[in-house]
Structure formats: C-alpha cells, structure tokens
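*Asks:* Following this line is query_30.cif, made up of mmCIF, C-alpha atoms:
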```cif
data_protein
#
loop_
_atom_site.group_PDB
_atom_site.id
_atom_site.type_symbol
_atom_site.label_atom_id
_atom_site.label_comp_id
_atom_site.auth_asym_id
_atom_site.auth_seq_id
_atom_site.Cartn_x
_atom_site.Cartn_y
_atom_site.Cartn_z
ATOM 1 C CA MET A 1 90.425 80.891 136.746
ATOM 2 C CA LYS A 2 92.257 83.619 134.802
ATOM 3 C CA LYS A 3 94.768 81.101 133.505
ATOM 4 C CA SER A 4 92.023 78.802 132.231
ATOM 5 C CA TRP A 5 90.337 81.707 130.415
ATOM 6 C CA ARG A 6 93.641 82.741 128.872
ATOM 7 C CA PHE A 7 94.283 79.179 127.773
ATOM 8 C CA ALA A 8 90.796 78.922 126.290
ATOM 9 C CA GLY A 9 91.235 82.233 124.477
ATOM 10 C CA LEU A 10 94.598 81.167 123.093
ATOM 11 C CA LEU A 11 93.121 77.849 121.958
ATOM 12 C CA VAL A 12 90.282 79.655 120.160
ATOM 13 C CA LEU A 13 92.760 81.949 118.400
ATOM 14 C CA ILE A 14 94.839 78.973 117.271
ATOM 15 C CA LEU A 15 91.766 77.148 115.991
ATOM 16 C CA VAL A 16 90.431 80.208 114.157
ATOM 17 C CA GLY A 17 93.873 80.885 112.705
ATOM 18 C CA GLY A 18 94.131 77.293 111.513
ATOM 19 C CA ILE A 19 90.709 77.473 109.900
ATOM 20 C CA LEU A 20 91.596 80.710 108.120
ATOM 21 C CA VAL A 21 94.919 79.366 106.878
ATOM 22 C CA ASN A 22 93.292 76.158 105.603
ATOM 23 C CA ALA A 23 90.489 78.106 103.952
ATOM 24 C CA TRP A 24 92.992 80.442 102.299
ATOM 25 C CA ALA A 25 95.052 77.486 101.059
ATOM 26 C CA SER A 26 91.996 75.662 99.711
ATOM 27 C CA LEU A 27 90.960 78.717 97.708
ATOM 28 C CA GLY A 28 94.225 78.585 95.803
ATOM 29 C CA GLU A 29 95.528 81.501 93.795
ATOM 30 C CA ALA A 30 93.373 83.977 91.941
ATOM 31 C CA ARG A 31 92.991 83.233 88.237
ATOM 32 C CA ILE A 32 94.864 85.809 86.172
ATOM 33 C CA THR A 33 94.312 86.447 82.460
ATOM 34 C CA ARG A 34 97.446 87.321 80.505
ATOM 35 C CA LYS A 35 99.070 87.058 77.088
ATOM 36 C CA GLU A 36 101.930 84.656 76.452
ATOM 37 C CA LEU A 37 105.364 86.243 76.176
ATOM 38 C CA LYS A 38 105.879 84.848 72.672
ATOM 39 C CA ASP A 39 103.354 87.495 71.586
ATOM 40 C CA PHE A 40 105.355 90.371 73.082
ATOM 41 C CA PRO A 41 105.597 93.181 70.479
ATOM 42 C CA ALA A 42 108.315 92.825 67.862
ATOM 43 C CA GLN A 43 108.616 96.620 67.903
ATOM 44 C CA ILE A 44 108.765 98.750 71.049
ATOM 45 C CA GLY A 45 109.657 102.394 70.498
ATOM 46 C CA ALA A 46 112.632 102.563 68.169
ATOM 47 C CA TRP A 47 113.566 98.947 68.920
ATOM 48 C CA HIS A 48 112.821 96.181 66.402
ATOM 49 C CA GLN A 49 113.147 92.454 66.966
ATOM 50 C CA THR A 50 116.078 90.845 65.189
ATOM 51 C CA GLY A 51 116.212 87.092 64.670
ATOM 52 C CA SER A 52 114.006 84.478 66.276
ATOM 53 C CA ASP A 53 113.235 84.134 69.971
ATOM 54 C CA GLN A 54 115.946 82.178 71.756
ATOM 55 C CA GLN A 55 115.022 78.872 73.405
ATOM 56 C CA PHE A 56 116.603 77.295 76.489
ATOM 57 C CA ASP A 57 117.561 73.635 76.643
ATOM 58 C CA SER A 58 115.714 71.217 78.925
ATOM 59 C CA GLN A 59 118.399 71.318 81.614
ATOM 60 C CA THR A 60 118.228 75.113 81.858
ATOM 61 C CA LEU A 61 114.435 75.015 81.939
ATOM 62 C CA SER A 62 114.452 72.499 84.793
ATOM 63 C CA VAL A 63 116.570 74.898 86.855
ATOM 64 C CA LEU A 64 114.709 78.032 85.756
ATOM 65 C CA ARG A 65 111.230 76.595 86.489
ATOM 66 C CA ALA A 66 109.574 79.571 84.808
ATOM 67 C CA SER A 67 105.934 79.358 83.737
ATOM 68 C CA ASP A 68 106.742 81.438 80.662
ATOM 69 C CA TYR A 69 109.803 83.229 79.392
ATOM 70 C CA LEU A 70 111.121 85.387 76.576
ATOM 71 C CA MET A 71 114.693 85.785 75.356
ATOM 72 C CA ARG A 72 114.930 88.074 72.347
ATOM 73 C CA ASP A 73 117.333 90.449 70.607
ATOM 74 C CA TYR A 74 116.332 93.969 69.577
ATOM 75 C CA ARG A 75 118.042 96.543 67.404
ATOM 76 C CA THR A 76 117.519 100.202 66.492
ATOM 77 C CA ALA A 77 118.024 101.835 63.094
ATOM 78 C CA SER A 78 121.019 103.686 64.558
ATOM 79 C CA GLY A 79 122.780 100.379 65.294
ATOM 80 C CA SER A 80 122.133 99.885 69.024
ATOM 81 C CA VAL A 81 121.582 96.227 69.941
ATOM 82 C CA ALA A 82 120.165 94.657 73.086
ATOM 83 C CA ASN A 83 119.136 91.352 74.565
ATOM 84 C CA PHE A 84 115.794 91.344 76.376
ATOM 85 C CA TYR A 85 114.790 88.626 78.839
ATOM 86 C CA VAL A 86 111.642 88.087 80.903
ATOM 87 C CA GLY A 87 111.156 85.123 83.227
ATOM 88 C CA TYR A 88 107.525 84.916 84.420
ATOM 89 C CA TYR A 89 106.228 82.793 87.328
ATOM 90 C CA ALA A 90 102.479 82.237 87.567
ATOM 91 C CA SER A 91 102.883 81.164 91.201
ATOM 92 C CA GLN A 92 105.745 81.337 93.675
ATOM 93 C CA ARG A 93 103.996 79.369 96.409
ATOM 94 C CA ASP A 94 105.691 76.085 95.535
ATOM 95 C CA GLY A 95 109.222 77.505 95.616
ATOM 96 C CA ALA A 96 109.570 78.293 91.897
ATOM 97 C CA THR A 97 110.806 81.867 91.695
ATOM 98 C CA TYR A 98 112.975 84.181 89.635
ATOM 99 C CA HIS A 99 116.739 83.749 89.733
ATOM 100 C CA SER A 100 118.762 86.815 90.638
ATOM 101 C CA PRO A 101 121.594 87.686 88.204
ATOM 102 C CA LEU A 102 123.735 88.181 91.317
ATOM 103 C CA ASN A 103 123.655 84.409 91.770
ATOM 104 C CA CYS A 104 123.443 83.168 88.188
ATOM 105 C CA LEU A 105 125.989 85.296 86.321
ATOM 106 C CA PRO A 106 129.054 84.819 88.577
ATOM 107 C CA GLY A 107 128.421 81.082 88.440
ATOM 108 C CA SER A 108 128.576 81.293 84.636
ATOM 109 C CA GLY A 109 131.925 83.070 84.658
ATOM 110 C CA TRP A 110 130.741 86.674 84.506
ATOM 111 C CA ILE A 111 132.433 89.366 86.594
ATOM 112 C CA MET A 112 129.995 91.983 87.893
ATOM 113 C CA SER A 113 131.225 95.475 88.751
ATOM 114 C CA GLU A 114 130.098 99.089 89.143
ATOM 115 C CA PRO A 115 126.805 98.326 90.907
ATOM 116 C CA GLY A 116 124.227 101.077 90.987
ATOM 117 C CA SER A 117 120.692 102.004 90.053
ATOM 118 C CA ILE A 118 119.012 103.742 87.149
ATOM 119 C CA ARG A 119 115.670 105.508 87.017
ATOM 120 C CA ILE A 120 113.293 104.127 84.394
ATOM 121 C CA ALA A 121 110.550 106.511 83.261
ATOM 122 C CA PRO A 122 107.928 104.731 81.118
ATOM 123 C CA GLU A 123 105.284 106.847 79.440
ATOM 124 C CA GLY A 124 101.935 106.696 81.220
ATOM 125 C CA ARG A 125 103.216 104.591 84.113
ATOM 126 C CA PRO A 126 105.023 105.349 87.391
ATOM 127 C CA SER A 127 108.799 105.658 87.144
ATOM 128 C CA PHE A 128 110.880 103.126 89.078
ATOM 129 C CA ASP A 129 114.444 102.225 89.974
ATOM 130 C CA ALA A 130 116.244 99.313 88.316
ATOM 131 C CA ASN A 131 119.590 97.715 89.104
ATOM 132 C CA LYS A 132 122.576 98.299 86.843
ATOM 133 C CA TYR A 133 125.927 96.526 86.569
ATOM 134 C CA VAL A 134 128.818 96.298 84.173
ATOM 135 C CA ILE A 135 129.397 92.611 83.447
ATOM 136 C CA GLU A 136 132.442 91.071 81.754
ATOM 137 C CA ASN A 137 133.317 87.598 80.551
ATOM 138 C CA GLY A 138 136.466 87.109 78.524
ATOM 139 C CA GLY A 139 136.590 89.908 75.991
ATOM 140 C CA GLN A 140 132.876 90.714 76.230
ATOM 141 C CA LYS A 141 131.685 93.717 78.231
ATOM 142 C CA ASP A 142 127.974 94.465 78.664
ATOM 143 C CA LEU A 143 125.761 96.786 80.638
ATOM 144 C CA LEU A 144 123.107 94.920 82.609
ATOM 145 C CA VAL A 145 119.852 96.490 83.808
ATOM 146 C CA TYR A 146 117.225 94.412 85.623
ATOM 147 C CA TRP A 147 114.230 94.686 87.926
ATOM 148 C CA TYR A 148 111.352 92.653 89.368
ATOM 149 C CA GLN A 149 107.839 93.288 88.092
ATOM 150 C CA GLY A 150 104.389 92.013 88.940
ATOM 151 C CA ARG A 151 101.026 92.828 90.476
ATOM 152 C CA GLY A 152 101.348 96.525 89.625
ATOM 153 C CA ARG A 153 104.859 97.061 90.996
ATOM 154 C CA ALA A 154 108.332 97.349 89.502
ATOM 155 C CA VAL A 155 111.146 97.237 92.068
ATOM 156 C CA ALA A 156 114.920 96.887 92.018
ATOM 157 C CA SER A 157 115.247 95.154 95.391
ATOM 158 C CA GLU A 158 114.905 91.384 95.403
ATOM 159 C CA TYR A 159 114.216 91.598 99.156
ATOM 160 C CA TRP A 160 111.254 93.957 98.721
ATOM 161 C CA GLY A 161 110.071 91.923 95.763
ATOM 162 C CA LYS A 162 109.825 88.901 98.088
ATOM 163 C CA VAL A 163 108.099 90.931 100.813
ATOM 164 C CA TYR A 164 105.471 92.231 98.376
ATOM 165 C CA THR A 165 104.980 88.710 97.049
ATOM 166 C CA VAL A 166 104.156 87.414 100.530
ATOM 167 C CA LEU A 167 101.801 90.328 101.261
ATOM 168 C CA ASP A 168 99.998 90.030 97.929
ATOM 169 C CA SER A 169 99.741 86.265 98.329
ATOM 170 C CA VAL A 170 97.752 86.843 101.514
ATOM 171 C CA ARG A 171 95.775 89.939 100.536
ATOM 172 C CA ARG A 172 95.170 89.270 96.837
ATOM 173 C CA ARG A 173 95.770 85.507 96.529
ATOM 174 C CA ARG A 174 98.471 86.281 93.981
ATOM 175 C CA SER A 175 102.171 85.504 93.915
ATOM 176 C CA ASP A 176 102.774 85.837 90.180
ATOM 177 C CA GLY A 177 105.668 87.996 89.009
ATOM 178 C CA ALA A 178 108.720 88.222 86.804
ATOM 179 C CA MET A 179 112.330 89.242 86.540
ATOM 180 C CA VAL A 180 113.024 91.558 83.595
ATOM 181 C CA ARG A 181 116.514 92.026 82.207
ATOM 182 C CA VAL A 182 118.068 94.234 79.519
ATOM 183 C CA THR A 183 121.654 93.627 78.364
ATOM 184 C CA ILE A 184 123.493 96.094 76.088
ATOM 185 C CA PRO A 185 127.025 95.601 74.730
ATOM 186 C CA VAL A 186 129.402 98.379 75.786
ATOM 187 C CA TRP A 187 130.795 99.430 72.404
ATOM 188 C CA LYS A 188 131.042 103.220 72.359
ATOM 189 C CA SER A 189 130.795 104.111 76.044
ATOM 190 C CA LYS A 190 129.051 103.026 79.228
ATOM 191 C CA ALA A 191 126.998 106.222 79.155
ATOM 192 C CA ALA A 192 125.693 105.403 75.661
ATOM 193 C CA ALA A 193 124.901 101.830 76.696
ATOM 194 C CA LEU A 194 123.097 103.062 79.805
ATOM 195 C CA GLU A 195 120.997 105.502 77.786
ATOM 196 C CA ALA A 196 120.039 102.759 75.324
ATOM 197 C CA ALA A 197 119.167 100.324 78.137
ATOM 198 C CA ALA A 198 116.980 102.907 79.882
ATOM 199 C CA ASP A 199 115.151 103.633 76.615
ATOM 200 C CA LEU A 200 114.435 99.964 75.896
ATOM 201 C CA ALA A 201 113.435 99.327 79.520
ATOM 202 C CA ALA A 202 111.019 102.271 79.504
ATOM 203 C CA HIS A 203 109.296 101.188 76.295
ATOM 204 C CA ALA A 204 109.206 97.530 77.336
ATOM 205 C CA SER A 205 107.686 98.269 80.739
ATOM 206 C CA THR A 206 104.700 100.014 79.118
ATOM 207 C CA ALA A 207 103.908 96.836 77.157
ATOM 208 C CA LEU A 208 104.608 94.319 79.933
ATOM 209 C CA PRO A 209 101.345 94.554 81.950
ATOM 210 C CA GLU A 210 99.510 92.539 79.296
ATOM 211 C CA PHE A 211 102.033 89.758 79.909
ATOM 212 C CA ILE A 212 102.857 90.413 83.578
ATOM 213 C CA PRO A 213 99.481 91.572 84.918
ATOM 214 C CA ASP A 214 99.078 94.465 87.364
#
```
Transcribe the structure of this file into structure tokens.
*Replies:*
Amino acid sequence: MKKSWRFAGLLVLILVGGILVNAWASLGEARITRKELKDFPAQIGAWHQTGSDQQFDSQTLSVLRASDYLMRDYRTASGSVANFYVGYYASQRDGATYHSPLNCLPGSGWIMSEPGSIRIAPEGRPSFDANKYVIENGGQKDLLVYWYQGRGRAVASEYWGKVYTVLDSVRRRRSDGAMVRVTIPVWKSKAAALEAAADLAAHASTALPEFIPD
C-alpha cells in the first residue's frame, strides 16, 4: 500500500512539474524595453567617439549571433585611445550567447598573458570586478578588460554569468545579457593602459543600463 501511495505521489509531482515547465515555456520571455546600441553616447566622461561604428561581415555575424552589437573607437583629449565592444543577446534560451575572449582571441592568433582582475567603480552604481589580460599579436600589444553584464549584474566570471542567466530565466523570465569589452593599446606602460581602461569601463557602465537593461 505504501509503495502505491509513493508511486502515486511521484506521478503527481511529475505531472505538476511538467505542467509548470510547459506553462513557463508557453509564457516566453518577458518583454524588455531598451535602446539600440547604435545610440550609445558618443561622449562618456573624457572619452569621445572617433570615426564611425565598425560593422562585422555576414560570416562573423552568423557566428556571433548577437541581437545587437557595438564596436566603436574612443579617444581622450590627452591622446588615450580605446576600442569599445558590446555584444547583446535578447535571449539565450536558443543557444545564442556571448563568446568569451578566452576562446575567440587565441583562435585569431592572439597570445593572452598576465591574467588578473580589475575593480571597476562606476559613479552611482555598485563596483564590480572585470577580467584583465595583456594580449599580443605580431607587433601589437593591448590591454584587454571585459565583463558580463545584464539584468542588474556585472560579473567577471563566465561561469557565474551562466548560473545567473539560468536563475533569472526561471525567476524573471529573462535571459538577456551582454559581454562588454574594452581594449587599450599598451604604448606608455601597462599601468597607464590599465588606468585608462578602468576609466572608460566605469563611465561606460553607468550608461549601459539603457541598452542592457537591469
């Protein structure tokens, strides 16, 4: 008798679970209002846009699978230059998701060294850790800083970014998010490049919630 009750209870749990999963799937993702990245400010702090936004070719876009993206150069009056990239995904349920530089850059011939983290302190928002690397390809040496942002969080860890995506997909019906990357040429010193990258990252992250909603 006990076994039959246990079986019945287990069957009810499976049925209820199936109903909940199907109901959750049928609801789809929550509708999020955001600005397109092409409208990202041309000036953030001391940084001013230089040149036009860069566009990817169709082959790159088919691999990237981003819903929206921005690739833009910035410059300061003192001569610091930077490349700023954001790859935004409106949904990650269907397998489209941000590509880690740890996978993409080595495959493009870049050597990554001196891994570490840097604290980004945007005005009016919580500070967060971002990844940093020195990257080299041929005679070019850059400082790379990147992080994952979305749904009110900015994290360095791709693992935790995925965990939060799963949790928010269930709790908030949202899996939208982005990878944000700042690249600074190492001209004077790595310390100077790191300071410039942290400054651009801090100013950019205060503007990003309109484009990568909290």
*Asks:* What residues come out when you apply the PyMOL selection byres ((chain A and resi 125) around 10) to this file, written as a PyMOL selection string?
*Replies:* chain A and resi 121-124+126-128+152+202+205-206
*Asks:* For stretch 35-37 of chain A, list every protein, DNA or RNA residue within 7 Å, evaluated using all atoms listed in the file, and leave out those in the same chain fewer than 2 positions away; present the list as a PDB file with C-alpha atoms, keeping the file's coordinate frame.
*Replies:*
```pdb
ATOM      1  CA  ASP A  39     103.354  87.495  71.586  1.00  0.00           C
ATOM      2  CA  PHE A  40     105.355  90.371  73.082  1.00  0.00           C
ATOM      3  CA  ASP A  68     106.742  81.438  80.662  1.00  0.00           C
ATOM      4  CA  TYR A  69     109.803  83.229  79.392  1.00  0.00           C
ATOM      5  CA  LEU A  70     111.121  85.387  76.576  1.00  0.00           C
ATOM      6  CA  GLU A 210      99.510  92.539  79.296  1.00  0.00           C
ATOM      7  CA  PHE A 211     102.033  89.758  79.909  1.00  0.00           C
TER       8      PHE A 211
END
```
*Asks:* Record the distance separating atom CA of A:Lys188 and atom CA of A:Ser117, expressed in Å with one decimal.
*Replies:*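 About the pair atom CA of A:Lys188 and atom CA of A:Ser117: they are 20.5 Å apart.
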*Asks:* Could you pull the residues within 9 Å of stretch 163-174 of chain A, counting all atoms listed in the file, minus those fewer than 6 positions along the same chain, as a PyMOL selection string?
*Replies:* chain A and resi 24+27-32+90-93+150-151+153
*Asks:* At a cut-off of 7 Å, using all atoms listed in the file, what residues contact stretch 130-138 of chain A? Leave out same-chain residues fewer than 2 positions from it and give the result as an MDAnalysis selection string.
*Replies:* chainID A and resid 109:120 128 140:147 155:156
*Asks:* Using only C-alpha atoms, list the residues that have an atom at most 9 Å from (113.9, 101.7, 69.6), coordinates as in the file, as an MDAnalysis selection string.
*Replies:* chainID A and resid 43:48 74:78 80 196 199:200 203
